[in-house]
file my_file_24.pdb (PDB, C-alpha atoms)
ATOM      1  CA  MET A   1       0.000   0.000   0.000  1.00  0.00           C
ATOM      2  CA  ASP A   2       1.312   3.404  -0.900  1.00  0.00           C
ATOM      3  CA  ILE A   3       0.381   5.831   1.887  1.00  0.00           C
ATOM      4  CA  GLU A   4       1.526   9.422   1.956  1.00  0.00           C
ATOM      5  CA  GLU A   5       3.727   9.975   5.022  1.00  0.00           C
ATOM      6  CA  GLY A   6       3.695  13.136   7.068  1.00  0.00           C
ATOM      7  CA  GLY A   7       1.523  16.097   6.394  1.00  0.00           C
ATOM      8  CA  GLU A   8      -0.676  18.173   8.601  1.00  0.00           C
ATOM      9  CA  GLY A   9      -4.083  16.774   7.650  1.00  0.00           C
ATOM     10  CA  MET A  10      -6.620  15.914  10.324  1.00  0.00           C
ATOM     11  CA  ILE A  11      -5.371  12.318  10.136  1.00  0.00           C
ATOM     12  CA  TYR A  12      -1.921  11.578   8.780  1.00  0.00           C
ATOM     13  CA  PHE A  13       0.921   9.058   8.959  1.00  0.00           C
ATOM     14  CA  GLU A  14       4.338   9.479  10.500  1.00  0.00           C
ATOM     15  CA  ASN A  15       6.922   6.688  10.646  1.00  0.00           C
ATOM     16  CA  GLY A  16       4.222   4.244   9.568  1.00  0.00           C
ATOM     17  CA  GLU A  17       1.864   5.150  12.421  1.00  0.00           C
ATOM     18  CA  VAL A  18      -1.479   6.926  12.208  1.00  0.00           C
ATOM     19  CA  LYS A  19      -1.573  10.327  13.926  1.00  0.00           C
ATOM     20  CA  ALA A  20      -4.264  12.830  14.859  1.00  0.00           C
ATOM     21  CA  SER A  21      -3.655  16.521  14.288  1.00  0.00           C
ATOM     22  CA  ASP A  22      -3.994  18.986  17.150  1.00  0.00           C
ATOM     23  CA  TYR A  23      -7.019  20.362  15.335  1.00  0.00           C
ATOM     24  CA  LEU A  24      -8.764  16.979  15.269  1.00  0.00           C
ATOM     25  CA  LEU A  25      -8.444  16.635  19.034  1.00  0.00           C
ATOM     26  CA  THR A  26     -10.208  19.971  19.558  1.00  0.00           C
ATOM     27  CA  ILE A  27     -13.374  18.570  17.959  1.00  0.00           C
ATOM     28  CA  ASP A  28     -15.759  17.344  20.656  1.00  0.00           C
ATOM     29  CA  CYS A  29     -16.621  13.914  19.242  1.00  0.00           C
ATOM     30  CA  PHE A  30     -12.950  13.062  18.650  1.00  0.00           C
ATOM     31  CA  LYS A  31     -12.044  14.259  22.114  1.00  0.00           C
ATOM     32  CA  ARG A  32     -14.807  12.011  23.519  1.00  0.00           C
ATOM     33  CA  ALA A  33     -13.619   9.039  21.435  1.00  0.00           C
ATOM     34  CA  PHE A  34     -10.093   9.535  22.785  1.00  0.00           C
ATOM     35  CA  GLU A  35     -11.335   9.771  26.369  1.00  0.00           C
ATOM     36  CA  LEU A  36     -13.684   6.772  26.028  1.00  0.00           C
ATOM     37  CA  ASP A  37     -10.796   4.531  24.966  1.00  0.00           C
ATOM     38  CA  LYS A  38      -9.478   3.242  28.291  1.00  0.00           C
ATOM     39  CA  THR A  39      -6.678   1.169  26.775  1.00  0.00           C
ATOM     40  CA  LYS A  40      -3.177   2.387  27.593  1.00  0.00           C
ATOM     41  CA  GLU A  41      -2.144   2.634  23.928  1.00  0.00           C
ATOM     42  CA  LYS A  42      -5.535   4.045  22.793  1.00  0.00           C
ATOM     43  CA  LYS A  43      -5.866   1.192  20.288  1.00  0.00           C
ATOM     44  CA  HIS A  44      -9.603   1.727  19.712  1.00  0.00           C
ATOM     45  CA  PHE A  45      -9.155   5.442  19.080  1.00  0.00           C
ATOM     46  CA  TYR A  46      -6.347   4.762  16.610  1.00  0.00           C
ATOM     47  CA  ALA A  47      -8.461   2.039  14.951  1.00  0.00           C
ATOM     48  CA  LEU A  48     -11.124   4.717  14.448  1.00  0.00           C
ATOM     49  CA  LEU A  49      -8.527   7.010  12.864  1.00  0.00           C
ATOM     50  CA  LEU A  50      -7.384   4.207  10.544  1.00  0.00           C
ATOM     51  CA  TYR A  51     -10.980   3.516   9.584  1.00  0.00           C
ATOM     52  CA  LEU A  52     -11.656   7.188   8.819  1.00  0.00           C
ATOM     53  CA  PHE A  53      -8.456   7.635   6.830  1.00  0.00           C
ATOM     54  CA  PHE A  54      -8.803   4.505   4.719  1.00  0.00           C
ATOM     55  CA  MET A  55     -12.549   4.987   4.165  1.00  0.00           C
ATOM     56  CA  TYR A  56     -12.799   8.721   3.511  1.00  0.00           C
ATOM     57  CA  ASP A  57      -9.431  10.388   2.898  1.00  0.00           C
ATOM     58  CA  ILE A  58      -8.453  11.241  -0.674  1.00  0.00           C
ATOM     59  CA  HIS A  59      -4.971   9.805   0.002  1.00  0.00           C
ATOM     60  CA  SER A  60      -6.369   6.373   0.866  1.00  0.00           C
ATOM     61  CA  PRO A  61      -5.501   3.639  -1.627  1.00  0.00           C
ATOM     62  CA  TYR A  62      -9.162   2.567  -1.323  1.00  0.00           C
ATOM     63  CA  PHE A  63     -10.635   6.000  -2.166  1.00  0.00           C
ATOM     64  CA  ASP A  64     -11.442   5.053  -5.766  1.00  0.00           C
ATOM     65  CA  TYR A  65     -13.753   2.194  -4.740  1.00  0.00           C
ATOM     66  CA  PRO A  66     -17.466   2.640  -4.076  1.00  0.00           C
ATOM     67  CA  GLU A  67     -18.145   3.102  -0.349  1.00  0.00           C
ATOM     68  CA  GLU A  68     -19.581  -0.372   0.247  1.00  0.00           C
ATOM     69  CA  VAL A  69     -16.558  -2.025  -1.403  1.00  0.00           C
ATOM     70  CA  ARG A  70     -14.208   0.308   0.489  1.00  0.00           C
ATOM     71  CA  TYR A  71     -15.835  -0.733   3.750  1.00  0.00           C
ATOM     72  CA  GLU A  72     -15.275  -4.437   3.034  1.00  0.00           C
ATOM     73  CA  TYR A  73     -11.610  -3.881   2.136  1.00  0.00           C
ATOM     74  CA  VAL A  74     -10.900  -1.581   5.075  1.00  0.00           C
ATOM     75  CA  MET A  75     -12.469  -3.944   7.582  1.00  0.00           C
ATOM     76  CA  LYS A  76     -10.625  -6.944   6.116  1.00  0.00           C
ATOM     77  CA  ASP A  77      -7.250  -5.465   5.125  1.00  0.00           C
ATOM     78  CA  VAL A  78      -6.720  -2.631   7.607  1.00  0.00           C
ATOM     79  CA  LEU A  79      -8.701  -3.466  10.732  1.00  0.00           C
ATOM     80  CA  LEU A  80      -8.301  -7.224  10.176  1.00  0.00           C
ATOM     81  CA  GLY A  81     -11.939  -7.873  11.006  1.00  0.00           C
ATOM     82  CA  GLN A  82     -11.670  -6.284  14.456  1.00  0.00           C
ATOM     83  CA  PRO A  83     -14.534  -3.991  15.464  1.00  0.00           C
ATOM     84  CA  ILE A  84     -13.889  -0.412  16.539  1.00  0.00           C
ATOM     85  CA  GLU A  85     -14.787  -0.544  20.216  1.00  0.00           C
ATOM     86  CA  ILE A  86     -15.948   3.044  20.666  1.00  0.00           C
ATOM     87  CA  LYS A  87     -19.591   3.820  21.471  1.00  0.00           C
ATOM     88  CA  GLU A  88     -21.573   3.652  18.242  1.00  0.00           C
ATOM     89  CA  GLU A  89     -23.075   7.143  18.545  1.00  0.00           C
ATOM     90  CA  VAL A  90     -19.615   8.674  19.124  1.00  0.00           C
ATOM     91  CA  ARG A  91     -18.129   6.679  16.237  1.00  0.00           C
ATOM     92  CA  LYS A  92     -20.952   7.742  13.898  1.00  0.00           C
ATOM     93  CA  GLU A  93     -20.541  11.374  14.948  1.00  0.00           C
ATOM     94  CA  CYS A  94     -16.797  11.166  14.199  1.00  0.00           C
ATOM     95  CA  VAL A  95     -17.565   9.782  10.731  1.00  0.00           C
ATOM     96  CA  ARG A  96     -20.150  12.508  10.112  1.00  0.00           C
ATOM     97  CA  VAL A  97     -17.812  15.292  11.247  1.00  0.00           C
ATOM     98  CA  PHE A  98     -14.807  13.917   9.354  1.00  0.00           C
ATOM     99  CA  CYS A  99     -16.833  13.623   6.136  1.00  0.00           C
ATOM    100  CA  GLN A 100     -18.373  17.057   6.671  1.00  0.00           C
ATOM    101  CA  LYS A 101     -14.881  18.575   6.794  1.00  0.00           C
ATOM    102  CA  LYS A 102     -14.104  17.475   3.238  1.00  0.00           C
ATOM    103  CA  ASN A 103     -13.565  20.305   0.816  1.00  0.00           C
ATOM    104  CA  VAL A 104     -16.139  20.608  -1.940  1.00  0.00           C
ATOM    105  CA  GLU A 105     -13.650  19.356  -4.554  1.00  0.00           C
ATOM    106  CA  THR A 106     -13.089  16.100  -2.639  1.00  0.00           C
ATOM    107  CA  PHE A 107     -16.823  15.694  -2.076  1.00  0.00           C
ATOM    108  CA  LEU A 108     -17.490  16.143  -5.801  1.00  0.00           C
ATOM    109  CA  LEU A 109     -14.636  13.791  -6.719  1.00  0.00           C
ATOM    110  CA  GLU A 110     -16.109  11.096  -4.498  1.00  0.00           C
ATOM    111  CA  LYS A 111     -19.529  11.544  -6.131  1.00  0.00           C
ATOM    112  CA  ALA A 112     -17.978  11.517  -9.622  1.00  0.00           C
ATOM    113  CA  ILE A 113     -16.070   8.309  -8.847  1.00  0.00           C
ATOM    114  CA  GLY A 114     -19.321   6.758  -7.639  1.00  0.00           C
ATOM    115  CA  ALA A 115     -21.065   7.753 -10.871  1.00  0.00           C
ATOM    116  CA  ALA A 116     -18.180   6.335 -12.935  1.00  0.00           C
ATOM    117  CA  HIS A 117     -18.505   3.030 -11.082  1.00  0.00           C
ATOM    118  CA  LYS A 118     -22.249   2.980 -11.791  1.00  0.00           C
ATOM    119  CA  LEU A 119     -21.471   3.553 -15.464  1.00  0.00           C
ATOM    120  CA  ALA A 120     -19.009   0.638 -15.360  1.00  0.00           C
ATOM    121  CA  LEU A 121     -21.698  -1.582 -13.800  1.00  0.00           C
ATOM    122  CA  TYR A 122     -24.119  -0.505 -16.532  1.00  0.00           C
ATOM    123  CA  LEU A 123     -21.562  -1.408 -19.208  1.00  0.00           C
ATOM    124  CA  ASP A 124     -21.104  -4.826 -17.581  1.00  0.00           C
ATOM    125  CA  GLU A 125     -24.860  -5.434 -17.909  1.00  0.00           C
ATOM    126  CA  ILE A 126     -25.023  -4.785 -21.651  1.00  0.00           C
ATOM    127  CA  ASP A 127     -25.992  -7.853 -23.625  1.00  0.00           C
ATOM    128  CA  PHE A 128     -26.992  -7.120 -27.200  1.00  0.00           C
ATOM    129  CA  ARG A 129     -28.957 -10.371 -27.362  1.00  0.00           C
ATOM    130  CA  GLN A 130     -31.455  -9.136 -24.739  1.00  0.00           C
ATOM    131  CA  THR A 131     -34.820  -7.930 -25.936  1.00  0.00           C
ATOM    132  CA  ASP A 132     -37.728  -6.132 -24.292  1.00  0.00           C
ATOM    133  CA  GLU A 133     -41.315  -7.483 -24.104  1.00  0.00           C
ATOM    134  CA  ALA A 134     -42.009  -6.292 -27.664  1.00  0.00           C
ATOM    135  CA  GLY A 135     -39.008  -8.207 -29.017  1.00  0.00           C
ATOM    136  CA  ASN A 136     -36.937  -5.081 -29.692  1.00  0.00           C
ATOM    137  CA  ALA A 137     -33.264  -4.939 -28.797  1.00  0.00           C
ATOM    138  CA  LYS A 138     -32.882  -3.770 -25.197  1.00  0.00           C
ATOM    139  CA  TYR A 139     -29.551  -2.075 -25.907  1.00  0.00           C
ATOM    140  CA  ASN A 140     -28.614   0.017 -28.919  1.00  0.00           C
ATOM    141  CA  PRO A 141     -25.008  -0.458 -30.115  1.00  0.00           C
ATOM    142  CA  LYS A 142     -24.925   3.210 -31.184  1.00  0.00           C
ATOM    143  CA  ASP A 143     -25.561   4.250 -27.564  1.00  0.00           C
ATOM    144  CA  LEU A 144     -22.623   2.098 -26.472  1.00  0.00           C
ATOM    145  CA  VAL A 145     -20.359   3.766 -29.028  1.00  0.00           C
ATOM    146  CA  VAL A 146     -21.295   7.205 -27.645  1.00  0.00           C
ATOM    147  CA  ILE A 147     -20.570   6.036 -24.087  1.00  0.00           C
ATOM    148  CA  LEU A 148     -17.251   4.457 -25.049  1.00  0.00           C
ATOM    149  CA  LYS A 149     -16.167   7.634 -26.854  1.00  0.00           C
ATOM    150  CA  SER A 150     -16.888   9.657 -23.708  1.00  0.00           C
ATOM    151  CA  ILE A 151     -14.912   7.398 -21.325  1.00  0.00           C
ATOM    152  CA  GLY A 152     -11.651   9.202 -22.106  1.00  0.00           C
ATOM    153  CA  ASP A 153     -13.293  12.503 -21.221  1.00  0.00           C
ATOM    154  CA  ILE A 154     -14.646  10.994 -18.003  1.00  0.00           C
ATOM    155  CA  VAL A 155     -11.214   9.710 -16.981  1.00  0.00           C
ATOM    156  CA  GLY A 156      -9.639  13.078 -17.824  1.00  0.00           C
ATOM    157  CA  SER A 157     -12.283  14.892 -15.790  1.00  0.00           C
ATOM    158  CA  LEU A 158     -11.710  12.590 -12.817  1.00  0.00           C
ATOM    159  CA  LYS A 159      -7.945  13.200 -12.985  1.00  0.00           C
ATOM    160  CA  GLU A 160      -8.468  16.963 -13.119  1.00  0.00           C
ATOM    161  CA  LEU A 161     -10.954  16.899 -10.246  1.00  0.00           C
ATOM    162  CA  ARG A 162      -8.488  14.808  -8.197  1.00  0.00           C
ATOM    163  CA  LYS A 163      -5.777  17.435  -8.788  1.00  0.00           C
ATOM    164  CA  GLN A 164      -8.147  20.192  -7.702  1.00  0.00           C
ATOM    165  CA  ALA A 165      -9.199  18.241  -4.598  1.00  0.00           C
ATOM    166  CA  LYS A 166      -5.602  17.590  -3.567  1.00  0.00           C
ATOM    167  CA  LYS A 167      -4.726  21.265  -4.126  1.00  0.00           C
ATOM    168  CA  ALA A 168      -7.691  22.358  -2.010  1.00  0.00           C
ATOM    169  CA  GLY A 169      -6.565  19.915   0.691  1.00  0.00           C
ATOM    170  CA  GLU A 170      -3.060  21.367   0.651  1.00  0.00           C
ATOM    171  CA  ASP A 171      -4.506  24.873   1.041  1.00  0.00           C
ATOM    172  CA  GLU A 172      -6.554  23.686   4.032  1.00  0.00           C
ATOM    173  CA  LYS A 173      -3.492  22.065   5.643  1.00  0.00           C
ATOM    174  CA  TYR A 174      -1.624  25.351   5.326  1.00  0.00           C
ATOM    175  CA  ILE A 175      -4.450  27.283   6.995  1.00  0.00           C
ATOM    176  CA  GLU A 176      -4.733  24.702   9.789  1.00  0.00           C
ATOM    177  CA  LYS A 177      -0.987  24.792  10.378  1.00  0.00           C
ATOM    178  CA  GLU A 178      -1.064  28.574  10.635  1.00  0.00           C
ATOM    179  CA  LEU A 179      -3.930  28.442  13.128  1.00  0.00           C
ATOM    180  CA  PHE A 180      -2.431  25.794  15.417  1.00  0.00           C
ATOM    181  CA  GLU A 181       1.299  26.429  15.102  1.00  0.00           C
ATOM    182  CA  ASP A 182       3.009  27.663  18.275  1.00  0.00           C
ATOM    183  CA  GLU A 183       4.246  31.226  18.011  1.00  0.00           C
TER     184      GLU A 183
END

call {"tool": "encode", "arguments": {"input": "my_file_24.pdb", "output": "structure tokens"}}
result
Amino acid sequence: MDIEEGGEGMIYFENGEVKASDYLLTIDCFKRAFELDKTKEKKHFYALLLYLFFMYDIHSPYFDYPEEVRYEYVMKDVLLGQPIEIKEEVRKECVRVFCQKKNVETFLLEKAIGAAHKLALYLDEIDFRQTDEAGNAKYNPKDLVVILKSIGDIVGSLKELRKQAKKAGEDEKYIEKELFEDE
């Protein structure tokens, strides 16, 4: 897995370990999650951070999967099937807040990726032998040609939106660093 090290995002990696920014720990639900974890090493809190990063962060290697597929991979590959033992309402609030903090570019990228996956599923369903009740072809080959011609544009648009989302994220990290940096 290729994970970006360092950075000043809300959740980031340093020396292969997940870290929470100072900003994140000022948010009530994250503060409560930290305090509710009574383990010495805060393993449940850090499991929550791993879950959030790998499910919802643009730098996650799973970001390009639809959310339900992401969830399966994250639970299996990252959390190794172990539940996050933080009260459900606190965990859900952390997810809501973390997702709410996404910049609009990242939010739109996630929606665009979801739409692209739905298009891929639609293309998988095409069978030119299928007919409707009247015996007419269910799928028109000309429609498929139009879709296939537009795939390059779709991929290009996704790449451009990803660049914009990462740039917006970098701008946010800079602002956060300025706000929380010791003088």

call {"tool": "residues_around", "arguments": {"input": "my_file_24.pdb", "residues": "A:Lys31", "least_positions_apart": "3", "cutoff": "12 Å", "atoms": "only C-alpha atoms", "output": "VMD selection string"}}
result
chain A and resid 20 to 28 34 to 37 45 86 90 to 91 93 to 94

call {"tool": "closest_residue", "arguments": {"input": "my_file_24.pdb", "among": "A:Met55, A:Glu89, A:Tyr12, A:Ala165", "to": "A:Tyr73", "atoms": "all atoms listed in the file"}}
result
A:Met55

call {"tool": "closest_residue", "arguments": {"input": "my_file_24.pdb", "among": "A:Pro83, A:Asn103, A:Lys38, A:Glu67", "to": "A:Lys167", "atoms": "all atoms listed in the file"}}
result
A:Asn103

call {"tool": "atom_distance", "arguments": {"input": "my_file_24.pdb", "atom1": "atom CA of A:Ile84", "atom2": "atom CA of A:His44"}}
result
5.7 Å

call {"tool": "atom_distance", "arguments": {"input": "my_file_24.pdb", "atom1": "atom CA of A:Gln130", "atom2": "atom CA of A:Ser150"}}
result
23.8 Å

call {"tool": "residues_around", "arguments": {"input": "my_file_24.pdb", "residues": "A:Glu72", "least_positions_apart": "4", "cutoff": "12 Å", "atoms": "only C-alpha atoms", "output": "MDAnalysis selection string"}}
result
chainID A and resid 51 54:55 62 65:68 76:81

call {"tool": "resolve_selection", "arguments": {"input": "my_file_24.pdb", "expression": "the PyMOL selection byres ((chain A and resi 117) around 12)", "output": "ChimeraX atom specification"}}
result
/A:64-69,110-116,118-124,151,154-155,158

call {"tool": "atom_distance", "arguments": {"input": "my_file_24.pdb", "atom1": "atom CA of A:Met75", "atom2": "atom CA of A:Leu52"}}
result
11.2 Å

call {"tool": "decode", "arguments": {"input": "my_file_24.pdb", "residues": "stretch 56-67 of chain A", "atoms": "all heavy atoms", "output": "compact mmCIF listing (two decimals), in the first residue's frame"}}
result
# COMPACT_ATOMS: atom_id res chain seq x y z
N TYR A 56 -12.32 7.42 3.99
CA TYR A 56 -12.80 8.72 3.51
C TYR A 56 -11.73 9.72 3.08
O TYR A 56 -12.08 10.78 2.59
CB TYR A 56 -13.69 9.36 4.59
CG TYR A 56 -14.85 8.49 4.96
CD1 TYR A 56 -14.91 7.83 6.18
CD2 TYR A 56 -15.90 8.29 4.06
CE1 TYR A 56 -15.98 7.02 6.52
CE2 TYR A 56 -16.97 7.47 4.38
CZ TYR A 56 -17.00 6.83 5.61
OH TYR A 56 -18.06 6.03 5.94
N ASP A 57 -10.47 9.43 3.26
CA ASP A 57 -9.43 10.39 2.90
C ASP A 57 -9.02 10.19 1.45
O ASP A 57 -8.86 9.05 0.98
CB ASP A 57 -8.22 10.23 3.82
CG ASP A 57 -7.27 11.41 3.69
OD1 ASP A 57 -6.51 11.45 2.69
OD2 ASP A 57 -7.26 12.28 4.57
N ILE A 58 -8.83 11.29 0.74
CA ILE A 58 -8.45 11.24 -0.67
C ILE A 58 -7.11 10.53 -0.90
O ILE A 58 -6.86 9.99 -1.97
CB ILE A 58 -8.43 12.66 -1.29
CG1 ILE A 58 -8.31 12.59 -2.81
CG2 ILE A 58 -7.32 13.49 -0.67
CD1 ILE A 58 -8.46 13.92 -3.50
N HIS A 59 -6.27 10.46 0.13
CA HIS A 59 -4.97 9.81 0.00
C HIS A 59 -5.04 8.30 0.27
O HIS A 59 -4.03 7.61 0.15
CB HIS A 59 -3.95 10.46 0.93
CG HIS A 59 -3.72 11.89 0.59
ND1 HIS A 59 -4.36 12.91 1.26
CD2 HIS A 59 -2.97 12.47 -0.36
CE1 HIS A 59 -3.99 14.07 0.74
NE2 HIS A 59 -3.16 13.82 -0.26
N SER A 60 -6.20 7.80 0.62
CA SER A 60 -6.37 6.37 0.87
C SER A 60 -6.26 5.60 -0.43
O SER A 60 -6.83 5.99 -1.45
CB SER A 60 -7.74 6.11 1.49
OG SER A 60 -8.03 4.72 1.46
N PRO A 61 -5.55 4.46 -0.41
CA PRO A 61 -5.50 3.64 -1.63
C PRO A 61 -6.86 3.03 -1.98
O PRO A 61 -7.04 2.53 -3.08
CB PRO A 61 -4.48 2.55 -1.29
CG PRO A 61 -4.34 2.56 0.18
CD PRO A 61 -4.74 3.92 0.67
N TYR A 62 -7.83 3.10 -1.07
CA TYR A 62 -9.16 2.57 -1.32
C TYR A 62 -10.15 3.64 -1.79
O TYR A 62 -11.31 3.33 -2.05
CB TYR A 62 -9.73 1.92 -0.05
CG TYR A 62 -8.87 0.78 0.47
CD1 TYR A 62 -8.10 0.95 1.61
CD2 TYR A 62 -8.82 -0.44 -0.19
CE1 TYR A 62 -7.31 -0.10 2.08
CE2 TYR A 62 -8.04 -1.48 0.28
CZ TYR A 62 -7.28 -1.30 1.41
OH TYR A 62 -6.50 -2.32 1.87
N PHE A 63 -9.72 4.88 -1.88
CA PHE A 63 -10.63 6.00 -2.17
C PHE A 63 -11.40 5.83 -3.47
O PHE A 63 -12.54 6.28 -3.59
CB PHE A 63 -9.86 7.32 -2.18
CG PHE A 63 -10.74 8.53 -2.26
CD1 PHE A 63 -11.38 9.01 -1.13
CD2 PHE A 63 -10.94 9.20 -3.46
CE1 PHE A 63 -12.21 10.13 -1.19
CE2 PHE A 63 -11.76 10.32 -3.53
CZ PHE A 63 -12.40 10.78 -2.39
N ASP A 64 -10.81 5.17 -4.45
CA ASP A 64 -11.44 5.05 -5.77
C ASP A 64 -12.49 3.94 -5.85
O ASP A 64 -13.07 3.74 -6.91
CB ASP A 64 -10.39 4.83 -6.85
CG ASP A 64 -9.62 6.11 -7.16
OD1 ASP A 64 -10.03 7.19 -6.70
OD2 ASP A 64 -8.59 6.02 -7.85
N TYR A 65 -12.72 3.23 -4.76
CA TYR A 65 -13.75 2.19 -4.74
C TYR A 65 -15.07 2.79 -4.24
O TYR A 65 -15.07 3.71 -3.43
CB TYR A 65 -13.36 1.04 -3.81
CG TYR A 65 -12.19 0.24 -4.29
CD1 TYR A 65 -10.92 0.42 -3.74
CD2 TYR A 65 -12.34 -0.72 -5.29
CE1 TYR A 65 -9.84 -0.34 -4.17
CE2 TYR A 65 -11.25 -1.46 -5.73
CZ TYR A 65 -10.02 -1.27 -5.16
OH TYR A 65 -8.96 -2.01 -5.60
N PRO A 66 -16.19 2.21 -4.65
CA PRO A 66 -17.47 2.64 -4.08
C PRO A 66 -17.45 2.38 -2.56
O PRO A 66 -16.75 1.48 -2.09
CB PRO A 66 -18.50 1.74 -4.77
CG PRO A 66 -17.82 1.21 -5.99
CD PRO A 66 -16.36 1.18 -5.68
N GLU A 67 -18.22 3.15 -1.81
CA GLU A 67 -18.14 3.10 -0.35
C GLU A 67 -18.37 1.71 0.23
O GLU A 67 -17.65 1.29 1.14
CB GLU A 67 -19.15 4.08 0.26
CG GLU A 67 -18.96 4.23 1.76
CD GLU A 67 -19.75 5.38 2.35
OE1 GLU A 67 -20.35 6.16 1.60
OE2 GLU A 67 -19.74 5.48 3.58
